[in-house]
$ cat final.txt   # compact mmCIF, C-alpha atoms
# COMPACT_ATOMS: atom_id res chain seq x y z
CA MET A 265 0.80 6.74 10.40
CA LEU A 266 -1.06 4.99 7.56
CA ARG A 267 -0.16 1.62 9.01
CA TRP A 268 -1.87 2.52 12.28
CA LEU A 269 -4.94 3.77 10.40
CA ALA A 270 -5.19 0.40 8.64
CA TRP A 271 -4.91 -1.42 11.99
CA PHE A 272 -7.56 0.90 13.45
CA GLY A 273 -9.79 0.31 10.42
CA ALA A 274 -9.53 -3.47 10.81
CA ALA A 275 -10.46 -3.30 14.49
CA ALA A 276 -13.22 -0.74 13.92
CA TRP A 277 -14.74 -2.85 11.12
CA LEU A 278 -15.02 -5.83 13.46
CA LEU A 279 -16.37 -3.78 16.37
CA VAL A 280 -19.00 -1.94 14.35
CA THR A 281 -20.13 -5.18 12.71
CA ALA A 282 -20.36 -6.90 16.09
CA TRP A 283 -22.28 -3.91 17.41
CA GLY A 284 -24.68 -4.10 14.48
CA ILE A 285 -25.18 -7.84 14.94
CA CYS A 286 -25.71 -7.67 18.70
CA GLY A 287 -27.48 -4.32 18.83
CA PRO A 288 -31.20 -3.59 18.68
CA THR A 289 -32.96 -4.83 15.56
CA GLU A 290 -35.24 -1.80 15.31
CA GLY A 291 -34.63 1.81 16.15
CA SER A 292 -31.67 3.45 17.77
CA GLY A 293 -30.09 2.33 20.99
CA GLY A 294 -28.60 5.73 21.77
CA VAL A 295 -26.80 8.64 20.17
CA VAL A 296 -24.86 6.37 17.80
CA ALA A 297 -26.25 3.11 16.47
CA ALA A 298 -25.12 0.32 14.17
CA THR A 299 -27.96 -1.53 12.50
CA LEU A 300 -27.81 -4.82 10.63
CA PHE A 301 -29.91 -4.71 7.46
CA THR A 302 -31.13 -8.23 6.75
CA ASP A 303 -32.63 -7.69 3.26
CA GLY A 304 -35.35 -10.20 4.06
CA LEU A 305 -33.02 -12.88 5.44
CA PRO A 306 -33.49 -14.29 8.93
CA HIS A 307 -31.41 -12.32 11.43
CA SER A 308 -29.10 -15.27 12.13
CA TRP A 309 -28.26 -15.71 8.43
CA ALA A 310 -27.70 -11.99 7.91
CA ALA A 311 -25.55 -11.85 11.05
CA GLY A 312 -23.47 -14.80 9.85
CA ILE A 313 -22.93 -13.19 6.45
CA ALA A 314 -22.02 -9.86 8.04
CA GLY A 315 -19.61 -11.62 10.40
CA VAL A 316 -17.86 -13.49 7.58
CA LEU A 317 -17.56 -10.33 5.50
CA ALA A 318 -16.22 -8.39 8.50
CA LEU A 319 -13.60 -11.06 9.21
CA VAL A 320 -12.39 -11.21 5.60
CA THR A 321 -12.37 -7.42 5.20
CA SER A 322 -10.56 -6.95 8.50
CA ALA A 323 -8.00 -9.56 7.47
CA ALA A 324 -7.47 -7.59 4.25
CA LEU A 325 -6.89 -4.40 6.24
CA VAL A 326 -4.44 -6.25 8.50
CA GLU A 327 -2.48 -7.33 5.41
CA LEU A 328 -2.49 -3.71 4.22
CA ALA A 329 -1.16 -2.60 7.62
CA ARG A 330 1.52 -5.28 7.50
CA MET A 331 2.49 -4.16 4.00
CA LEU A 332 2.78 -0.55 5.14
CA GLY A 333 4.97 -1.71 8.03
CA HIS A 334 7.46 -3.24 5.58
CA VAL A 335 7.82 -0.16 3.38
CA GLN A 336 11.31 1.29 3.83
CA PRO A 337 12.93 4.23 1.99
CA ASP A 338 15.64 1.95 0.57
CA ALA A 339 13.28 -0.93 -0.34
CA LEU A 340 9.92 0.38 -1.45
CA PHE A 341 9.06 -2.77 -3.39
CA SER A 342 10.54 -5.54 -1.29
CA VAL A 343 9.28 -9.10 -1.47
CA ALA A 344 7.45 -8.64 1.85
CA VAL A 345 5.70 -5.49 0.61
CA THR A 346 4.47 -7.11 -2.60
CA ARG A 347 3.48 -10.34 -0.81
CA HIS A 348 1.33 -8.51 1.75
CA PHE A 349 -0.21 -6.30 -0.93
CA ARG A 350 -1.07 -9.37 -3.01
CA ARG A 351 -2.74 -10.93 0.04
CA PHE A 352 -4.62 -7.68 0.65
CA ALA A 353 -5.90 -7.70 -2.95
CA CYS A 354 -6.84 -11.39 -2.70
CA LEU A 355 -8.78 -10.97 0.54
CA LEU A 356 -10.53 -7.89 -0.78
CA THR A 357 -11.57 -9.83 -3.88
CA ILE A 358 -12.84 -12.69 -1.74
CA ALA A 359 -14.88 -10.24 0.34
CA ALA A 360 -16.37 -8.65 -2.79
CA VAL A 361 -17.32 -12.02 -4.27
CA LEU A 362 -18.72 -13.29 -0.96
CA ARG A 363 -20.87 -10.18 -0.74
CA LEU A 364 -22.43 -11.18 -4.07
CA VAL A 365 -22.72 -14.93 -3.46
CA LEU A 366 -23.58 -15.44 0.21
CA PRO A 367 -27.06 -13.81 0.32
CA PRO A 368 -28.50 -16.01 -2.49
CA VAL A 369 -26.87 -19.09 -0.96
CA ALA A 370 -28.40 -18.20 2.40
CA ILE A 371 -31.84 -17.86 0.80
CA LEU A 372 -31.50 -21.28 -0.83
CA LEU A 373 -30.28 -22.94 2.37
CA SER A 374 -33.00 -21.28 4.43
CA ALA A 375 -35.70 -22.52 2.02
CA TRP A 376 -34.13 -25.99 1.94
CA GLN A 377 -34.11 -26.17 5.76
CA ALA A 378 -37.77 -25.19 5.83
CA GLY A 379 -38.55 -28.00 3.41
CA GLY A 380 -39.69 -25.70 0.66
CA HIS A 381 -38.38 -24.65 -2.66
CA ALA A 382 -37.01 -21.27 -3.56
CA SER A 383 -35.73 -19.60 -6.65
CA VAL A 384 -32.92 -17.16 -6.35
CA GLN A 385 -32.26 -14.24 -8.57
CA LEU A 386 -28.75 -12.83 -8.62
CA ALA A 387 -28.99 -9.07 -8.83
CA PHE A 388 -25.87 -6.96 -8.99
CA SER A 389 -25.92 -3.34 -7.97
CA GLY A 390 -23.42 -0.85 -9.26
CA ASP A 391 -21.71 -0.93 -5.86
CA ASP A 392 -21.18 -4.68 -6.09
CA VAL A 393 -19.71 -4.49 -9.59
CA PHE A 394 -17.53 -1.56 -8.58
CA ALA A 395 -16.18 -3.48 -5.57
CA VAL A 396 -15.19 -6.45 -7.75
CA LEU A 397 -13.60 -4.16 -10.36
CA LEU A 398 -11.70 -2.28 -7.66
CA ALA A 399 -10.35 -5.56 -6.31
CA ALA A 400 -9.26 -6.51 -9.84
CA VAL A 401 -7.42 -3.19 -10.12
CA PHE A 402 -5.62 -3.99 -6.85
CA PHE A 403 -4.48 -7.28 -8.39
CA PHE A 404 -3.14 -5.33 -11.35
CA VAL A 405 -1.32 -2.97 -8.99
CA ALA A 406 0.13 -5.97 -7.14
CA ARG A 407 1.50 -7.22 -10.47
CA LEU A 408 3.02 -3.79 -11.06
CA PHE A 409 4.61 -3.98 -7.60
CA ASP A 410 6.18 -7.31 -8.56
CA GLU A 411 7.66 -5.75 -11.69
CA ALA A 412 8.86 -2.71 -9.72
CA ALA A 413 10.54 -5.07 -7.21
CA ARG A 414 12.32 -6.83 -10.07
CA LEU A 415 13.50 -3.50 -11.52
CA GLU A 416 14.62 -2.33 -8.07
CA ASP A 417 16.66 -5.52 -7.62
CA ASP A 418 18.22 -5.04 -11.06
CA GLN A 419 19.10 -1.45 -10.19
CA HIS A 420 20.77 -2.51 -6.92
CA SER A 421 22.76 -5.25 -8.67
CA ILE A 422 24.02 -2.80 -11.33
CA VAL A 423 25.20 -0.24 -8.77
$ encode --input "final.txt" --output "structure tokens"
Amino acid sequence: MLRWLAWFGAAAWLLVTAWGICGPTEGSGGVVAATLFTDGLPHSWAAGIAGVLALVTSAALVELARMLGHVQPDALFSVAVTRHFRRFACLLTIAAVLRLVLPPVAILLSAWQAGGHASVQLAFSGDDVFAVLLAAVFFFVARLFDEAARLEDDQHSIV
């Protein structure tokens, strides 16, 4: 069941992001709306950033779904489970870092294309810091999974 929720989450993330990118820029287009907040960036830059983040986050959710598909009662910490969880943690970390780095890079590139100069200030909200810390915790959990897999293999070899 959880595996299917992760697959659904990956697909929904992509669809809602695409809806926000392609939808109306102002106001609501109906009962339910997805809006892309540009934070002062040109729409094309904000859409590109949102698309990249959606792809990386969806890929992370796909790895989580694949991990859940490999969990078996007799092999909770198999090599496949830990490998997919490590990839999930890696992709989630990449998404968190890209969320911090891409907007300032887009501002610099936009100013450079216009022939002007711009200064960029990196500002981190509590949400951004929390996302990076959460991804670091997932890496720690992946390391614990590796150790659990080693202990599980030792247990099977003793019995």
$ closest_residue --input "final.txt" --among "A:Val405, A:Ile371, A:Val365, A:Ala274" --to "Ala318 (chain A)" --atoms "only C-alpha atoms"
A:Ala274
$ closest_residue --input "final.txt" --among "A:Gly304, A:Gly315, A:Pro337, A:Gly390" --to "Ala359 (chain A)" --atoms "all atoms listed in the file"
A:Gly315
$ closest_residue --input "final.txt" --among "A:Leu372, A:Leu408, A:Leu362, A:Leu305" --to "Thr321 (chain A)" --atoms "all atoms listed in the file"
A:Leu362
$ residues_around --input "final.txt" --residues "Trp309 (chain A)" --least-positions-apart "5" --cutoff "12 Å" --atoms "only C-alpha atoms" --output "PyMOL selection string"
chain A and resi 285+300-304+314-316+366-375
$ closest_residue --input "final.txt" --among "A:Leu364, A:Ala276, A:Ala270, A:Val343" --to "Glu327 (chain A)" --atoms "only C-alpha atoms"
A:Ala270
$ atom_distance --input "final.txt" --atom1 "CA of Ala406 (chain A)" --atom2 "CA of Arg347 (chain A)"
8.4 Å
$ atom_distance --input "final.txt" --atom1 "CA of Leu319 (chain A)" --atom2 "CA of Phe352 (chain A)"
12.9 Å
$ closest_residue --input "final.txt" --among "A:Ala353, A:Ala282, A:Val335, A:Leu328" --to "Ala311 (chain A)" --atoms "only C-alpha atoms"
A:Ala282
$ residues_near_point --input "final.txt" --point "(-0.9, -4.6, 1.0)" --cutoff "8 Å" --atoms "all atoms listed in the file" --output "list of chain:residue names"
A:Ala324, A:Leu325, A:Glu327, A:Leu328, A:Ala329, A:Arg330, A:Met331, A:Leu332, A:Val345, A:Thr346, A:Arg347, A:His348, A:Phe349, A:Arg350, A:Arg351, A:Phe352, A:Ala353
$ residues_around --input "final.txt" --residues "Leu398 (chain A)" --least-positions-apart "5" --cutoff "10 Å" --atoms "only C-alpha atoms" --output "list of chain:residue names"
A:Ala353, A:Leu356, A:Thr357, A:Ala360, A:Asp392, A:Val393, A:Phe403, A:Phe404
$ closest_residue --input "final.txt" --among "A:Val361, A:Ile313, A:Gly287, A:Val326" --to "Ala395 (chain A)" --atoms "all atoms listed in the file"
A:Val361
